[in-house]
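Single-structure report; data block below.
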Amino acid sequence: MNQADLSKLVSVLKVAVKPKPRLFSSPEGPAGRLKKLSATVTALVKYERIELNYPRAEEAQGYAERLISDAIRNGDCHKHTMEMADYWLNEKQLVHKLFKVLVPRYQNYNSSFTRLIHGPNTYPGYQPGTAILELKGNPFPSLQPETHNYHYWLHNVLLEEAKKEFRSAREERNAKTTESVTAGI
Amino acid sequence: MAGHLLKCLTDALGKFEYVYLTPLLRRPPTPQWIPLVVHPHQQLIEKDASFDIKSIFDGFLWGVPTCRRSVEKRMMRKYGAPNWHNKLILPRKDIKSCGSCGHNYEAGRLCPNCYSKVKAETIVLQEKMVEELGLDPIDKEIAIVYQGEKNQFDDEFFKVYHGKRVVQMEKPRPKWFSKNLLQKSGPNSDSVNGEVTAIKPHDLG
């Protein structure tokens with residue numbers, strides 16, 4: 001069956017969104033779940049880095065990515081996008097932030113706009129654990145340490161060559177000594 | 001007729017004993033305590049010629065194992081299975097040591113020691129940022145300037161620097177929060193000729 005190209009109709013997200021939504025039970029039902037998630041998305045846009053439990057973070061990430069992606073594709077004059085922004089962002093100064101700050105920031109991004117990292121756990125604790133959800137390009141100190149050793153760095157390349165030279169020289173010396181031994185015998 | 005009378009008498013005596021004498025004597029009445037009563041001919045249990053198997057269920061009959069549990073089943077219940085519910089206590093091999101601070105952390109998660117430092121600083125920055133921006137519409141990115149850093153703008157009231165909203169911090173920059181992490185030292189994709197921007201060591205922060 002030929003599948004139509006849906007990327008023209010709907011945003012293609014760079015994040016894996018689960019096919020079944022998680023049920024966050026609340027007395028208000030599905031509406032209550034959306035209320036909780038909109039609070040999370042609002043906090044993410046406001047603070048740019050939030051620490052929360054993993055299941056909620058993963059759900060909110062999908063909604064946040066979709067919101068930003070729609071804002072980039074459609075802009076603020078698109079009625080539906082503005083309605084969505086109005087619904088998901090409870091504080092209205094953040095609607096301005098979404099269209100005036102986040103859209104220019106993420107305009108040329110080829111990757112996702114958010115980062116979901118597993119935070120430290122205290123044993124025994126809650127099994128899914130803590131997670132940190134942050135917007136990329138935030139001004140805060142980075143969470144993950146920079147990986148310090150790359151093989152293509154100049155000093156590493158030079159060291160590798162030096163190692164090879166040393167080993168070949170040693171093998172030559174060993175070969176010479178064995179030859180002399182055999183010759184002596 | 002006589003037997004029936006005798007039976008009535010026995011019952012009456014038994015009741016009398018139970019109601020009046022047991023509270024005083026504190027001993028349960030048994031047929032032995034009534035010497036008048038002797039039934040040599042009547043037997044308590046009547047033996048039937050045929051035995052009905054269902055009579056065994058009149059009393060207590062509980063479930064009982066019918067087969068011996070095989071060793072496989074026993075082992076499964078005791079120890080579990082690796083692909084199922086493993087009941088063995090296995091050593092944790094996913095605990096690593098952090099390269100920068102030396103504390104232990106779970107693989108795939110952040111080092112708690114390093115993260116606590118970053119979290120503390122982030123919270124301070126976030127509070128200041130929220131306080132600074134308030135409820136007015138946000139239309140600019142944030143530039144964080146710590147105490148003692150060379151301010152490119154002289155006027156204190158001029159709060160915009162290179163199109164960014166400045167958030168002034170009253171504390172000095174932490175040693176581990178480098179100023180210049182995002183500028184590439186190699187050829188930039190944005191630059192036209194592929195010119196290389198070299199960053200001098202003192203600009204790294």
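Numbering starts fresh at 1 for the residues of each chain in the structure tokens, the chains themselves are lettered A, B, ... in the order given, and ligands are numbered from 1 as they appear.
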DSSP says strand (DSSP E or B) for which residues of chain A? Put them as an NGL selection string? :A and (49-53 or 114-118 or 130-135)
Using N, CA and C atoms, can you write the selected residues to a file as a CSV table (one decimal), in the first residue's frame?
chain,number,residue,atom,x,y,z
A,49,ARG,N,15.5,24.0,31.8
A,49,ARG,CA,16.1,22.7,32.3
A,49,ARG,C,15.3,22.3,33.6
A,50,ILE,N,14.7,21.2,33.5
A,50,ILE,CA,13.9,20.7,34.7
A,50,ILE,C,14.2,19.3,35.0
A,51,GLU,N,14.1,19.0,36.4
A,51,GLU,CA,14.4,17.7,36.8
A,51,GLU,C,13.1,17.0,37.3
A,52,LEU,N,12.8,15.9,36.8
A,52,LEU,CA,11.5,15.2,37.1
A,52,LEU,C,11.6,13.8,36.9
A,53,ASN,N,10.5,13.0,37.1
A,53,ASN,CA,10.6,11.6,36.9
A,53,ASN,C,10.6,11.3,35.4
A,114,THR,N,15.1,19.2,22.3
A,114,THR,CA,15.2,18.9,23.7
A,114,THR,C,16.2,17.8,23.9
A,115,ARG,N,16.7,17.7,25.1
A,115,ARG,CA,17.6,16.6,25.5
A,115,ARG,C,17.0,16.0,26.8
A,116,LEU,N,16.9,14.7,26.8
A,116,LEU,CA,16.4,13.9,27.9
A,116,LEU,C,17.5,13.0,28.5
A,117,ILE,N,18.0,13.3,29.7
A,117,ILE,CA,19.1,12.6,30.3
A,117,ILE,C,18.6,11.9,31.5
A,118,HIS,N,19.1,10.7,31.7
A,118,HIS,CA,18.8,10.0,33.0
A,118,HIS,C,19.6,10.6,34.1
A,130,THR,N,15.0,9.4,38.1
A,130,THR,CA,14.9,10.8,37.8
A,130,THR,C,15.4,11.0,36.4
A,131,ALA,N,14.9,12.1,35.8
A,131,ALA,CA,15.4,12.4,34.5
A,131,ALA,C,15.5,14.0,34.4
A,132,ILE,N,16.4,14.4,33.6
A,132,ILE,CA,16.5,15.9,33.4
A,132,ILE,C,16.2,16.2,31.9
A,133,LEU,N,15.2,17.0,31.8
A,133,LEU,CA,14.7,17.4,30.4
A,133,LEU,C,15.1,18.9,30.2
A,134,GLU,N,15.9,19.1,29.2
A,134,GLU,CA,16.4,20.5,28.9
A,134,GLU,C,16.3,20.9,27.5
A,135,LEU,N,16.1,22.2,27.2
A,135,LEU,CA,16.2,22.7,25.8
A,135,LEU,C,17.6,22.8,25.4
Residue set, chain A restricted to alpha helix (DSSP H), as a ChimeraX atom specification: /A:30-47,54-74,79-88,93-97,103-106,154-184
For range 124-132 of chain B, find every residue with an atom within 7 Å (counting only C-alpha atoms), except residues of its own chain fewer than 4 positions away, and show them as a count of residues only. 3
Go through chain B residue by residue and, counting only C-alpha atoms, keep those with an atom at most 7 Å from chain A; for each kept residue give the shortest atom pair and its distance in Å to one decimal, ordered by chain and increasing number, as a Markdown table.
| residue | atom | partner | partner_atom | distance |
| --- | --- | --- | --- | --- |
| B:Gly108 | CA | A:His118 | CA | 7.0 |
| B:Arg109 | CA | A:His118 | CA | 4.9 |
| B:Leu110 | CA | A:Gly119 | CA | 5.2 |
| B:Cys111 | CA | A:Pro120 | CA | 6.4 |
| B:Pro112 | CA | A:Pro120 | CA | 5.4 |
| B:Tyr115 | CA | A:Leu143 | CA | 6.7 |
| B:Val118 | CA | A:Pro141 | CA | 6.5 |
| B:Thr122 | CA | A:Phe140 | CA | 6.0 |
| B:Gln126 | CA | A:Tyr47 | CA | 6.2 |
| B:Leu135 | CA | A:Gln93 | CA | 6.0 |
| B:Asp136 | CA | A:Gln93 | CA | 6.0 |
| B:Pro137 | CA | A:Gln93 | CA | 4.3 |
| B:Ile138 | CA | A:Lys97 | CA | 4.8 |
| B:Asp139 | CA | A:Lys100 | CA | 5.1 |
| B:Lys140 | CA | A:Val101 | CA | 5.8 |
| B:Glu141 | CA | A:Val101 | CA | 6.2 |
| B:Ile142 | CA | A:Pro139 | CA | 7.0 |
| B:Phe177 | CA | A:Pro141 | CA | 5.9 |
Writer output for current selection, C-alpha atoms, as a tab-separated table (two decimals), in the first residue's frame:
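out_4.tsv was written with the following content:
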chain	number	residue	atom	x	y	z
B	108	GLY	CA	23.84	5.36	31.63
B	109	ARG	CA	23.08	7.92	34.36
B	110	LEU	CA	24.79	11.05	35.59
B	111	CYS	CA	27.43	11.13	38.31
B	112	PRO	CA	25.56	12.33	41.46
B	115	TYR	CA	25.34	16.69	38.93
B	118	VAL	CA	25.75	21.68	38.29
B	122	THR	CA	21.66	26.02	37.59
B	126	GLN	CA	17.33	30.09	36.92
B	135	LEU	CA	6.08	38.54	33.48
B	136	ASP	CA	6.97	40.82	30.56
B	137	PRO	CA	7.01	39.24	27.08
B	138	ILE	CA	10.32	37.49	26.53
B	139	ASP	CA	11.81	38.31	23.16
B	140	LYS	CA	15.60	37.98	23.64
B	141	GLU	CA	18.12	35.29	24.52
B	142	ILE	CA	19.94	35.37	27.87
B	177	PHE	CA	31.90	26.59	34.24
What's the 7 Å shell around Ile95 in chain B, counting only C-alpha atoms, without same-chain residues fewer than 2 positions away, as a list in words? Arg92, Lys93, Asn104, Tyr105, Glu106 and Ala107 of chain B
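Near Val10 in chain A, within a cut-off of 10 Å and counting only C-alpha atoms, sit the residues A:Asp5, A:Leu6, A:Arg66, A:Ser69, A:Asp70, A:Arg73, with same-chain residues fewer than 4 positions away left out.
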Store the residues of this selection in a file with N, CA and C atoms, as a short mmCIF file (atom, residue, chain, number, x, y, z; two decimals), in the first residue's frame.
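out_37.cif written:
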data_model
loop_
_atom_site.label_atom_id
_atom_site.label_comp_id
_atom_site.auth_asym_id
_atom_site.auth_seq_id
_atom_site.Cartn_x
_atom_site.Cartn_y
_atom_site.Cartn_z
N ASP A 5 3.10 10.96 1.85
CA ASP A 5 4.18 11.63 2.58
C ASP A 5 3.56 12.54 3.63
N LEU A 6 3.56 12.06 4.86
CA LEU A 6 2.88 12.81 5.92
C LEU A 6 3.69 13.97 6.46
N ARG A 66 6.83 18.78 19.47
CA ARG A 66 5.78 19.03 18.48
C ARG A 66 5.40 20.51 18.45
N SER A 69 8.27 22.49 16.88
CA SER A 69 8.34 22.16 15.46
C SER A 69 7.22 22.85 14.68
N ASP A 70 6.02 22.83 15.22
CA ASP A 70 4.88 23.52 14.57
C ASP A 70 5.12 25.02 14.51
N ARG A 73 7.52 25.68 11.70
CA ARG A 73 6.97 25.46 10.36
C ARG A 73 5.91 26.47 9.99
#
I'd like the contact shell of Phe24 in chain A - 7 Å cut-off, only C-alpha atoms, skipping same-chain residues fewer than 2 positions apart - returned as a short mmCIF file (atom, residue, chain, number, x, y, z; two decimals) with C-alpha atoms, in the first residue's frame.
data_model
loop_
_atom_site.label_atom_id
_atom_site.label_comp_id
_atom_site.auth_asym_id
_atom_site.auth_seq_id
_atom_site.Cartn_x
_atom_site.Cartn_y
_atom_site.Cartn_z
CA ARG A 22 1.16 6.92 29.06
CA SER A 26 -5.92 11.93 37.80
CA ARG A 33 -3.33 14.16 32.27
#
Contacts of Val145 in chain B at 7 Å or less, counting only C-alpha atoms, minus same-chain residues fewer than 6 places along, as an mmCIF file with all heavy atoms, in the first residue's frame?
data_model
loop_
_atom_site.group_PDB
_atom_site.id
_atom_site.type_symbol
_atom_site.label_atom_id
_atom_site.label_comp_id
_atom_site.auth_asym_id
_atom_site.auth_seq_id
_atom_site.Cartn_x
_atom_site.Cartn_y
_atom_site.Cartn_z
ATOM 1 N N VAL B 166 20.861 40.750 29.389
ATOM 2 C CA VAL B 166 21.937 40.393 30.322
ATOM 3 C C VAL B 166 21.372 40.068 31.693
ATOM 4 O O VAL B 166 20.525 40.777 32.215
ATOM 5 C CB VAL B 166 22.951 41.548 30.415
ATOM 6 C CG1 VAL B 166 23.956 41.280 31.514
ATOM 7 C CG2 VAL B 166 23.661 41.740 29.090
ATOM 8 N N VAL B 167 21.855 38.993 32.246
ATOM 9 C CA VAL B 167 21.513 38.614 33.616
ATOM 10 C C VAL B 167 22.803 38.707 34.427
ATOM 11 O O VAL B 167 23.736 37.941 34.207
ATOM 12 C CB VAL B 167 20.933 37.182 33.667
ATOM 13 C CG1 VAL B 167 20.748 36.725 35.092
ATOM 14 C CG2 VAL B 167 19.616 37.125 32.913
ATOM 15 N N GLN B 168 22.852 39.682 35.328
ATOM 16 C CA GLN B 168 24.058 39.907 36.133
ATOM 17 C C GLN B 168 24.026 39.029 37.368
ATOM 18 O O GLN B 168 23.025 38.980 38.074
ATOM 19 C CB GLN B 168 24.103 41.374 36.583
ATOM 20 C CG GLN B 168 24.373 42.354 35.467
ATOM 21 C CD GLN B 168 25.824 42.760 35.434
ATOM 22 O OE1 GLN B 168 26.695 41.927 35.637
ATOM 23 N NE2 GLN B 168 26.073 44.027 35.191
ATOM 24 N N MET B 169 25.145 38.352 37.614
ATOM 25 C CA MET B 169 25.245 37.527 38.818
ATOM 26 C C MET B 169 26.167 38.222 39.812
ATOM 27 O O MET B 169 27.207 38.762 39.423
ATOM 28 C CB MET B 169 25.826 36.156 38.479
ATOM 29 C CG MET B 169 25.018 35.360 37.474
ATOM 30 S SD MET B 169 23.365 35.000 38.015
ATOM 31 C CE MET B 169 23.677 34.014 39.448
#
